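Okay, input20.txt is below, compact mmCIF, C-alpha atoms:
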# COMPACT_ATOMS: atom_id res chain seq x y z
CA MET A 1 8.19 -19.56 -7.81
CA ASP A 2 10.07 -22.76 -7.82
CA SER A 3 7.74 -24.57 -5.47
CA PRO A 4 5.84 -27.34 -7.20
CA ASP A 5 2.42 -26.31 -8.32
CA ALA A 6 0.76 -29.47 -7.12
CA PRO A 7 -1.40 -28.35 -4.22
CA SER A 8 -0.16 -30.13 -1.12
CA SER A 9 -3.04 -32.10 0.24
CA GLU A 10 -4.70 -30.23 3.11
CA HIS A 11 -3.06 -27.30 4.72
CA VAL A 12 -1.21 -24.71 2.74
CA LYS A 13 0.86 -22.44 4.86
CA PRO A 14 1.13 -18.81 3.89
CA ARG A 15 4.50 -17.86 2.49
CA GLU A 16 6.39 -15.11 4.17
CA VAL A 17 7.47 -12.56 1.64
CA PRO A 18 10.01 -10.03 2.77
CA TYR A 19 9.31 -6.46 1.76
CA CYS A 20 11.83 -3.74 1.33
CA GLY A 21 11.77 -1.43 4.32
CA PHE A 22 12.36 1.55 2.16
CA CYS A 23 10.02 1.31 -0.78
CA SER A 24 7.75 -1.51 0.46
CA LEU A 25 8.14 -3.61 -2.68
CA PRO A 26 9.45 -7.15 -2.60
CA PRO A 27 13.22 -6.56 -2.78
CA GLU A 28 13.58 -8.10 -6.20
CA TYR A 29 11.43 -5.36 -7.64
CA CYS A 30 13.35 -2.54 -5.97
CA GLU A 31 15.30 -2.03 -9.15
CA PHE A 32 12.13 -0.86 -10.80
CA GLY A 33 11.23 1.57 -8.07
CA PRO A 34 12.57 5.08 -8.07
CA THR A 35 14.83 4.63 -5.07
CA LEU A 36 17.14 1.76 -5.93
CA ASP A 37 20.15 3.15 -4.11
CA LYS A 38 18.31 3.63 -0.87
CA CYS A 39 16.73 0.20 -1.18
CA LYS A 40 20.13 -1.34 -1.70
CA GLN A 41 21.41 0.30 1.43
CA TRP A 42 18.48 -0.95 3.38
CA LEU A 43 18.74 -4.49 2.12
CA SER A 44 22.47 -4.75 2.66
CA LYS A 45 21.87 -3.74 6.23
CA ASN A 46 18.89 -5.95 6.90
CA ASP A 47 19.21 -9.05 4.79
CA LYS A 48 22.76 -9.76 3.68
CA VAL A 49 21.96 -13.13 2.16
CA LEU A 50 19.25 -11.82 -0.07
CA TYR A 51 21.33 -8.81 -0.95
CA ALA A 52 24.13 -11.01 -2.16
CA ILE A 53 21.77 -13.16 -4.20
CA LEU A 54 19.95 -10.26 -5.75
CA TYR A 55 22.58 -7.71 -6.50
CA ASN A 56 25.60 -9.77 -7.41
CA THR A 57 23.81 -11.22 -10.35
CA LEU A 58 21.75 -8.16 -10.89
CA ASP A 59 24.56 -5.71 -11.30
CA ASP A 60 25.65 -7.39 -14.49
CA GLN A 61 22.14 -7.37 -15.82
CA LEU A 62 21.62 -3.81 -14.76
CA ALA A 63 24.75 -2.74 -16.50
CA ALA A 64 23.44 -4.41 -19.62
CA ALA A 65 20.00 -2.95 -19.19
CA SER A 66 21.17 0.57 -18.53
CA LEU A 67 22.77 0.58 -21.95
CA ASN A 68 19.31 0.34 -23.38
CA GLU A 69 17.91 3.04 -21.22
CA THR A 70 17.70 6.43 -22.77
CA PRO A 71 19.03 9.40 -20.87
CA GLU A 72 15.47 10.61 -20.68
CA ASP A 73 14.54 7.62 -18.58
CA ASP A 74 17.42 8.30 -16.27
CA LYS A 75 16.40 11.87 -15.87
CA LYS A 76 12.86 10.93 -15.04
CA LYS A 77 14.04 8.46 -12.46
CA ALA A 78 16.40 10.94 -10.90
CA LYS A 79 13.63 13.46 -10.69
CA GLU A 80 11.34 11.03 -8.96
CA ALA A 81 14.07 9.99 -6.57
CA ALA A 82 14.75 13.60 -5.74
CA LYS A 83 11.09 14.16 -5.07
CA ILE A 84 10.90 11.30 -2.64
CA GLU A 85 14.10 12.42 -1.01
CA LYS A 86 12.66 15.86 -0.53
CA GLN A 87 9.54 14.49 1.05
CA MET A 88 11.60 12.41 3.44
CA GLN A 89 13.69 15.38 4.37
CA LYS A 90 10.68 17.50 4.98
CA LYS A 91 9.32 14.82 7.19
CA MET A 92 12.52 14.60 9.14
CA GLN A 93 12.62 18.32 9.66
CA SER A 94 9.10 18.85 10.83
CA LYS A 95 8.68 19.26 14.52
CA VAL A 96 6.26 17.91 17.03
CA LEU A 97 5.38 20.46 19.63
CA ILE A 98 4.12 19.45 23.03
CA LYS A 99 2.80 22.46 24.79
CA ARG A 100 1.60 22.90 28.30
CA ILE A 101 -1.05 25.55 28.46
CA GLU A 102 -2.33 26.91 31.74
CA ARG A 103 -6.01 27.26 32.13
CA THR A 104 -6.93 28.32 35.64
CA LYS A 105 -4.70 28.46 38.66
CA ARG A 106 -3.55 24.91 38.97
CA LYS A 107 -5.16 23.39 35.93
CA CYS A 108 -3.67 23.06 32.54
CA VAL A 109 -4.02 21.24 29.25
CA THR A 110 -1.37 19.77 27.00
CA SER A 111 -1.52 20.32 23.29
CA VAL A 112 0.32 18.18 20.79
CA PHE A 113 0.92 19.70 17.43
CA GLY A 114 2.54 18.39 14.29
CA LEU A 115 2.04 14.68 14.65
CA GLU A 116 0.19 14.46 11.36
CA ASN A 117 3.43 15.14 9.51
CA PHE A 118 4.56 11.69 10.51
CA ASP A 119 1.49 9.98 9.10
CA VAL A 120 -0.11 9.54 12.47
CA ASP A 121 -3.86 9.32 12.55
CA LEU A 122 -4.74 12.13 14.92
CA LYS A 123 -8.04 10.68 15.99
CA LYS A 124 -6.38 7.41 16.87
CA ALA A 125 -3.64 9.22 18.72
CA ALA A 126 -6.14 11.26 20.70
CA LYS A 127 -7.97 8.13 21.67
CA LEU A 128 -4.73 6.51 22.72
CA PHE A 129 -3.83 9.44 24.92
CA ALA A 130 -7.27 9.43 26.45
CA ASN A 131 -7.00 5.75 27.25
CA LYS A 132 -3.49 5.97 28.54
CA PHE A 133 -3.88 8.96 30.79
CA ALA A 134 -7.53 8.44 31.68
CA CYS A 135 -8.44 11.96 30.73
CA GLY A 136 -10.22 13.95 28.08
CA SER A 137 -8.39 14.18 24.79
CA SER A 138 -9.59 15.47 21.49
CA VAL A 139 -8.58 16.68 18.08
CA THR A 140 -9.28 20.37 17.69
CA LYS A 141 -8.51 23.07 15.22
CA ASN A 142 -6.28 25.77 16.59
CA ASN A 143 -6.59 29.36 15.52
CA GLN A 144 -4.33 28.85 12.51
CA GLY A 145 -6.74 26.24 11.29
CA ASN A 146 -4.39 23.33 11.90
CA ASP A 147 -5.35 20.22 13.74
CA GLU A 148 -3.89 19.55 17.11
CA ILE A 149 -4.58 17.19 19.95
CA VAL A 150 -5.57 18.70 23.25
CA VAL A 151 -5.18 16.52 26.30
CA GLN A 152 -6.56 17.58 29.63
CA GLY A 153 -4.03 17.74 32.42
CA ASP A 154 -0.29 18.20 32.48
CA VAL A 155 1.02 15.08 30.82
CA SER A 156 3.71 16.55 28.61
CA ASP A 157 6.56 14.34 29.82
CA GLU A 158 4.44 11.24 29.59
CA ILE A 159 3.31 12.13 26.10
CA PHE A 160 6.92 12.67 25.09
CA ASP A 161 7.78 9.13 26.15
CA LEU A 162 4.63 7.69 24.69
CA ILE A 163 5.21 9.23 21.28
CA LEU A 164 8.73 7.84 21.17
CA GLU A 165 7.51 4.45 22.15
CA HIS A 166 4.49 4.35 19.93
CA TRP A 167 5.66 6.00 16.72
CA PRO A 168 9.32 5.17 16.38
CA ILE A 169 9.59 7.10 13.15
CA VAL A 170 9.37 10.35 15.07
CA PRO A 171 12.94 11.36 15.88
CA GLU A 172 13.52 12.31 19.48
CA ASP A 173 15.24 15.55 18.62
CA ASN A 174 12.22 16.74 16.73
CA ILE A 175 9.95 16.76 19.73
CA ASP A 176 9.90 20.03 21.59
CA LEU A 177 8.44 20.65 24.99
CA ILE A 178 7.08 24.13 25.54
CA GLU A 179 5.51 25.71 28.53
CA ASP A 180 3.01 28.43 27.92
CA LYS A 181 2.56 30.35 31.18
CA LYS A 182 0.02 32.99 31.79
CA LYS A 183 1.89 36.18 32.21
CA GLY A 184 2.05 37.88 35.58
CA LYS A 185 1.91 35.97 38.79
CA MET B 1 -10.03 35.71 -4.56
CA GLU B 2 -9.64 32.51 -6.35
CA SER B 3 -8.00 32.29 -9.69
CA ASP B 4 -8.92 29.56 -12.08
CA TRP B 5 -6.00 27.31 -11.57
CA THR B 6 -6.19 27.21 -7.82
CA ARG B 7 -9.75 26.01 -7.85
CA GLU B 8 -9.91 22.33 -7.48
CA GLN B 9 -10.51 20.63 -10.75
CA PRO B 10 -13.24 18.05 -10.82
CA ARG B 11 -11.69 14.63 -11.04
CA THR B 12 -12.52 13.21 -14.36
CA TYR B 13 -10.64 9.97 -14.37
CA SER B 14 -12.58 6.87 -15.10
CA CYS B 15 -12.00 3.37 -13.96
CA LYS B 16 -11.21 2.10 -17.41
CA GLU B 17 -8.60 4.62 -18.37
CA LEU B 18 -6.35 4.75 -15.40
CA GLY B 19 -7.04 1.41 -13.89
CA PRO B 20 -9.10 1.41 -10.75
CA TRP B 21 -6.22 2.62 -8.64
CA GLY B 22 -5.20 5.51 -10.81
CA LEU B 23 -5.54 8.13 -8.15
CA PHE B 24 -6.81 6.13 -5.27
CA ASN B 25 -6.48 7.71 -1.88
CA ILE B 26 -7.82 5.86 1.09
CA LYS B 27 -8.71 8.96 3.03
CA GLU B 28 -10.70 10.60 0.28
CA ASP B 29 -12.00 7.85 -1.85
CA VAL B 30 -13.46 5.51 0.70
CA THR B 31 -17.02 6.53 1.21
CA GLY B 32 -17.71 4.27 4.10
CA HIS B 33 -16.94 1.02 5.75
CA THR B 34 -19.26 -1.33 7.49
CA GLN B 35 -18.95 -4.62 9.17
CA VAL B 36 -21.22 -6.80 7.08
CA LYS B 37 -23.92 -9.12 8.26
CA SER B 38 -22.91 -12.73 8.53
CA SER B 39 -25.27 -13.64 5.72
CA VAL B 40 -23.57 -11.17 3.42
CA GLN B 41 -20.22 -12.48 4.56
CA ARG B 42 -21.31 -15.99 3.65
CA ALA B 43 -22.45 -14.81 0.25
CA ILE B 44 -19.13 -13.12 -0.47
CA ARG B 45 -17.27 -16.17 0.72
CA ALA B 46 -19.37 -18.42 -1.48
CA LYS B 47 -18.74 -16.20 -4.46
CA ILE B 48 -15.01 -16.20 -3.95
CA LEU B 49 -15.04 -19.95 -3.47
CA GLU B 50 -16.99 -20.44 -6.64
CA GLN B 51 -14.68 -18.18 -8.54
CA TYR B 52 -11.41 -19.73 -7.52
CA LYS B 53 -12.49 -23.29 -6.77
CA GLU B 54 -9.33 -25.43 -6.58
CA GLY B 55 -7.04 -22.51 -6.03
CA ILE B 56 -8.55 -21.47 -2.78
CA GLU B 57 -10.37 -24.41 -1.27
CA GLY B 58 -7.53 -25.50 0.95
CA ILE B 59 -6.76 -22.05 2.23
CA ILE B 60 -10.07 -20.24 2.48
CA ASP B 61 -10.33 -20.91 6.19
CA ASP B 62 -6.94 -19.33 6.70
CA VAL B 63 -7.65 -16.43 4.42
CA MET B 64 -11.17 -15.73 5.60
CA PRO B 65 -11.95 -17.41 8.88
CA LYS B 66 -15.70 -17.93 9.13
CA LYS B 67 -16.07 -16.20 12.44
CA ALA B 68 -13.83 -13.20 12.05
CA PRO B 69 -15.60 -9.93 11.34
CA LEU B 70 -15.45 -8.91 7.71
CA ILE B 71 -15.47 -5.29 6.75
CA LEU B 72 -16.65 -4.03 3.43
CA MET B 73 -15.20 -0.74 2.33
CA LYS B 74 -17.02 1.09 -0.37
CA CYS B 75 -15.10 3.42 -2.57
CA HIS B 76 -15.89 5.67 -5.46
CA GLU B 77 -16.53 4.16 -8.84
CA HIS B 78 -18.24 1.15 -7.28
CA ILE B 79 -15.09 -0.38 -5.97
CA ASN B 80 -15.44 -2.55 -2.91
CA LEU B 81 -12.62 -3.64 -0.68
CA ILE B 82 -12.95 -6.65 1.53
CA VAL B 83 -11.00 -6.11 4.68
CA MET B 84 -10.30 -8.51 7.47
CA ASN B 85 -7.98 -7.90 10.40
CA ASN B 86 -6.93 -4.59 8.93
CA GLU B 87 -5.75 -6.23 5.75
CA VAL B 88 -7.31 -5.77 2.38
CA LEU B 89 -7.90 -9.26 1.05
CA PHE B 90 -10.00 -8.81 -2.06
CA PHE B 91 -11.43 -6.05 -4.14
CA ASN B 92 -13.98 -5.92 -6.88
CA HIS B 93 -15.63 -3.49 -9.17
CA PHE B 94 -19.41 -3.19 -9.15
CA ASP B 95 -20.42 -6.85 -8.92
CA GLY B 96 -17.56 -8.13 -11.01
CA PRO B 97 -15.10 -10.83 -10.03
CA TYR B 98 -13.17 -10.56 -6.81
CA PHE B 99 -9.48 -9.91 -7.25
CA PRO B 100 -7.11 -10.92 -4.50
CA THR B 101 -4.67 -8.21 -3.50
CA LEU B 102 -0.99 -8.70 -4.14
CA LYS B 103 -0.16 -8.97 -0.46
CA LEU B 104 -2.54 -11.90 -0.25
CA LEU B 105 -1.19 -13.41 -3.44
CA HIS B 106 2.35 -13.24 -2.16
CA LYS B 107 1.24 -15.35 0.75
CA TYR B 108 -0.63 -17.86 -1.38
CA PRO B 109 0.89 -17.71 -4.83
CA ASN B 110 -0.89 -20.82 -6.04
CA MET B 111 -4.30 -19.25 -5.83
CA LEU B 112 -4.40 -18.07 -9.41
CA PRO B 113 -3.05 -19.29 -12.72
CA ARG B 114 0.14 -17.46 -13.46
CA LEU B 115 1.37 -15.91 -16.65
CA GLN B 116 4.87 -14.61 -16.99
CA VAL B 117 5.89 -11.48 -18.83
CA ASP B 118 9.34 -10.73 -20.13
CA ARG B 119 11.74 -8.45 -18.39
CA GLY B 120 11.14 -5.49 -20.61
CA ALA B 121 7.49 -5.37 -19.63
CA ILE B 122 8.01 -5.04 -15.89
CA LYS B 123 8.67 -1.35 -16.02
CA PHE B 124 5.46 -0.66 -17.87
CA VAL B 125 3.30 -2.97 -15.81
CA MET B 126 4.50 -1.23 -12.69
CA ALA B 127 3.42 2.03 -14.22
CA GLY B 128 -0.06 0.63 -14.69
CA ALA B 129 -0.02 -0.43 -18.31
CA ASN B 130 -2.14 -3.25 -19.59
CA ILE B 131 -0.22 -6.22 -20.81
CA MET B 132 0.05 -6.59 -24.53
CA CYS B 133 0.20 -9.99 -26.12
CA PRO B 134 3.80 -9.77 -27.36
CA GLY B 135 4.89 -9.30 -23.76
CA LEU B 136 3.37 -12.67 -22.99
CA THR B 137 4.62 -14.57 -26.01
CA SER B 138 8.19 -13.34 -26.41
CA LYS B 139 11.27 -15.12 -25.20
CA GLY B 140 11.42 -14.86 -21.44
CA ALA B 141 7.67 -14.86 -21.13
CA ARG B 142 5.80 -18.01 -20.28
CA MET B 143 2.27 -19.22 -20.45
CA ASP B 144 2.25 -22.71 -19.04
CA VAL B 145 -1.44 -22.83 -18.32
CA SER B 146 -4.30 -22.40 -20.65
CA VAL B 147 -6.82 -19.89 -19.48
CA PRO B 148 -10.07 -18.76 -21.09
CA ALA B 149 -10.90 -15.12 -21.71
CA ASP B 150 -12.12 -12.99 -18.82
CA ALA B 151 -10.30 -15.02 -16.20
CA VAL B 152 -8.45 -13.54 -13.27
CA VAL B 153 -4.74 -14.24 -13.56
CA ALA B 154 -1.60 -13.35 -11.67
CA ILE B 155 1.33 -11.89 -13.56
CA THR B 156 4.87 -12.84 -12.70
CA ALA B 157 7.98 -11.68 -14.47
CA GLU B 158 11.05 -13.13 -16.07
CA GLY B 159 13.70 -13.82 -13.45
CA LYS B 160 11.46 -12.88 -10.53
CA ASN B 161 9.82 -15.03 -7.92
CA GLU B 162 7.09 -12.77 -6.73
CA ILE B 163 3.87 -11.82 -8.38
CA LEU B 164 3.91 -8.49 -10.10
CA ALA B 165 0.30 -7.76 -10.93
CA VAL B 166 -3.25 -9.08 -11.07
CA GLY B 167 -5.51 -8.72 -14.01
CA THR B 168 -8.16 -10.24 -16.23
CA THR B 169 -7.42 -11.87 -19.55
CA LYS B 170 -9.00 -10.13 -22.50
CA MET B 171 -8.68 -13.20 -24.67
CA SER B 172 -7.86 -16.81 -24.03
CA THR B 173 -4.24 -17.87 -23.86
CA ASP B 174 -4.62 -19.69 -27.16
CA ASP B 175 -5.80 -16.49 -28.79
CA ILE B 176 -2.96 -14.56 -27.23
CA LYS B 177 -0.55 -16.92 -28.91
CA ARG B 178 -2.42 -16.89 -32.17
CA ILE B 179 -3.31 -13.25 -32.61
CA ASN B 180 -0.33 -11.85 -30.71
CA LYS B 181 -1.60 -8.30 -30.87
CA ASN B 182 -3.47 -5.85 -28.68
CA ILE B 183 -4.18 -6.17 -25.01
CA GLY B 184 -3.81 -9.65 -23.59
CA VAL B 185 -4.32 -8.98 -19.93
CA GLU B 186 -5.96 -5.96 -18.43
CA THR B 187 -4.06 -4.98 -15.33
CA ALA B 188 -6.22 -4.41 -12.29
CA HIS B 189 -3.71 -4.10 -9.51
CA TYR B 190 0.07 -3.90 -9.69
CA LEU B 191 3.04 -3.47 -7.41
CA ASN B 192 3.45 -0.01 -5.99
CA ASP B 193 0.09 1.29 -7.11
CA TYR B 194 -2.12 3.20 -4.76
CA LEU B 195 -3.84 0.16 -3.39
CA TRP B 196 -0.49 -1.42 -2.66
CA LYS B 197 0.56 1.62 -0.69
CA THR B 198 -2.70 1.77 1.17
CA VAL B 199 -2.55 0.86 4.80
CA VAL B 200 -5.94 0.14 6.21
CA ASP B 201 -6.47 1.02 9.79
CA ILE B 202 -9.94 0.92 11.18
As structure tokens, please, write out the structure in this file.
Amino acid sequence: MDSPDAPSSEHVKPREVPYCGFCSLPPEYCEFGPTLDKCKQWLSKNDKVLYAILYNTLDDQLAAASLNETPEDDKKKAKEAAKIEKQMQKKMQSKVLIKRIERTKRKCVTSVFGLENFDVDLKKAAKLFANKFACGSSVTKNNQGNDEIVVQGDVSDEIFDLILEHWPIVPEDNIDLIEDKKKGK
Amino acid sequence: MESDWTREQPRTYSCKELGPWGLFNIKEDVTGHTQVKSSVQRAIRAKILEQYKEGIEGIIDDVMPKKAPLILMKCHEHINLIVMNNEVLFFNHFDGPYFPTLKLLHKYPNMLPRLQVDRGAIKFVMAGANIMCPGLTSKGARMDVSVPADAVVAITAEGKNEILAVGTTKMSTDDIKRINKNIGVETAHYLNDYLWKTVVDI
């Protein structure tokens, strides 16, 4: 920190520290995280100035440093990176199912399944749905033993929009709407 | 049927060995959180003030507004987190000193005395290692302040602006220079550890 250490008289303003959107570290420490390449991509997209400052000088240093690194280190890093990559992929593949289930003649409930894969707190989500749609909404275990949110009433389209709006990390293509009709009319 | 290796092993880590955040997981390891009484809040505030005196006097009202509700999260191994506005501000172990979290330190870097480690040490600190004296005395490292033993210090690194870790000194800076062996600073919280990754949402 280049700022003078002398405490300025009364009010010290908090500094704003940017954090890498990929690995959450301050960007200058990305090089020590397992996902440097991804972090670089992110930074070059989001903060060109900082990117230029950090990596133009850094690349020389890195080149020097990597000479010292044993192949074992590299392997370890690659392994870790692969692990994180895998997790991300898994996350991106997992689906959110919104299901409309008929109860009696004209009544139905909507069940939302799979949100927890995107690090959504199910209880919070249930509460949000309940508030939004003014209806009952709860986290229940389904018969496979997995948690799902059951919302009273047919709100599948609204939930679809709400999920997109509220948890942007959930890709639109991964949300499926299903209708579960009672057989025989 | 349950074979031996599928049964969950009892967790045998201790605070000392792995650092408090060795395997921290906010969902499992927080035993409860309560909004504390205002008298308790005052006591905590007084303790933090006493501990950091000059470093924090100007900013304490920004960091911990008197009126805002303060939440105390209790975790295993006697770790307490002090949470305000869904942000972890401080943590301590048993009734030991309060450590500011790195997110807070990044906002107010002048809160603590800072020691600088050399570049080679960064990798190890970020893996949770304690800081050995040579890492603080070599070229590229800096100790501009003199600090007694058992003081809370922030660790920065050669060529970096941001704070890398928080810890307590095991010996005074003079001793670190003189003895130049063994652990100089015990790391309590470092970048990318489990506490860093923790997002509190109450």
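Note that the spacing between atom CA of A:Met88 and atom CA of A:Cys23 amounts to 12.0 Å.
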Please return the centre and edge lengths, in Å to one decimal, of a box with edges along x, y and z that contains all listed atoms of stretch 169-186 of chain B, widened by 6 Å on every side, as lines of an AutoDock Vina configuration file.
center_x = -4.7
center_y = -12.8
center_z = -25.5
size_x = 20.7
size_y = 25.8
size_z = 26.2
Item to complete: Rank A:Ile149, A:Val17, A:Ala134, A:Ala78 by their smallest atom-to-atom distance to A:Phe113, using all atoms listed in the file, and report the top residue only.
Response: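 Smallest distance to A:Phe113 is found for A:Ile149.
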Worksheet entry | Proximity to B:Lys170 - best of B:Gly140, B:Met132, B:Gln41, B:Lys47, only C-alpha atoms | B:Met132
Worksheet item: Just how far from atom CA of B:Gly167 is atom CA of B:Ala129, in Å to one decimal?
Response: 10.8 Å
Fill in: Atom pair atom CA of B:Asn180 / atom CA of B:Pro134: separation (Å)
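Answer for the atom CA of B:Asn180 to atom CA of B:Pro134 separation: 5.7 Å.
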Worksheet item: For chain B, which residues have at least one atom within 9 Å of chain A, if we go by only C-alpha atoms? Write them as a PyMOL selection string, please.
Response: chain B and resi 54-55+58-59+62+103-104+106-110+122-123+126+156+160-164+191-192+196-197
Worksheet item: Between A:Asn131, A:Ser44, A:Ser94, A:Asn143, which one has atoms that come closest to A:Gly114, using only C-alpha atoms?
Response: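 Of A:Asn131, A:Ser44, A:Ser94, A:Asn143, the one nearest A:Gly114, counting only C-alpha atoms, is A:Ser94.
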Item to complete: Using all atoms listed in the file, find all polymer residues with an atom at most 8 Å away from the point (-0.8, 19.5, 15.8); report them as a list in words.
Response: Val96, Leu97, Ser111, Val112, Phe113, Gly114, Leu115, Glu116, Asn146, Asp147, Glu148 and Ile149 of chain A
Selected residues written out with C-alpha atoms, as a PDB file, in the frame of the given file:
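Everything below was put into part_33.pdb:
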ATOM      1  CA  VAL A  96       6.260  17.910  17.030  1.00  0.00           C
ATOM      2  CA  LEU A  97       5.380  20.460  19.630  1.00  0.00           C
ATOM      3  CA  SER A 111      -1.520  20.320  23.290  1.00  0.00           C
ATOM      4  CA  VAL A 112       0.320  18.180  20.790  1.00  0.00           C
ATOM      5  CA  PHE A 113       0.920  19.700  17.430  1.00  0.00           C
ATOM      6  CA  GLY A 114       2.540  18.390  14.290  1.00  0.00           C
ATOM      7  CA  LEU A 115       2.040  14.680  14.650  1.00  0.00           C
ATOM      8  CA  GLU A 116       0.190  14.460  11.360  1.00  0.00           C
ATOM      9  CA  ASN A 146      -4.390  23.330  11.900  1.00  0.00           C
ATOM     10  CA  ASP A 147      -5.350  20.220  13.740  1.00  0.00           C
ATOM     11  CA  GLU A 148      -3.890  19.550  17.110  1.00  0.00           C
ATOM     12  CA  ILE A 149      -4.580  17.190  19.950  1.00  0.00           C
TER      13      ILE A 149
END
Practice prompt. Scan for residues within 6 Å of the point (-7.4, -5.5, -15.0) in the coordinates of the file, using only C-alpha atoms, and reply as a PyMOL selection string.
Written response: chain B and resi 167-168+186-188
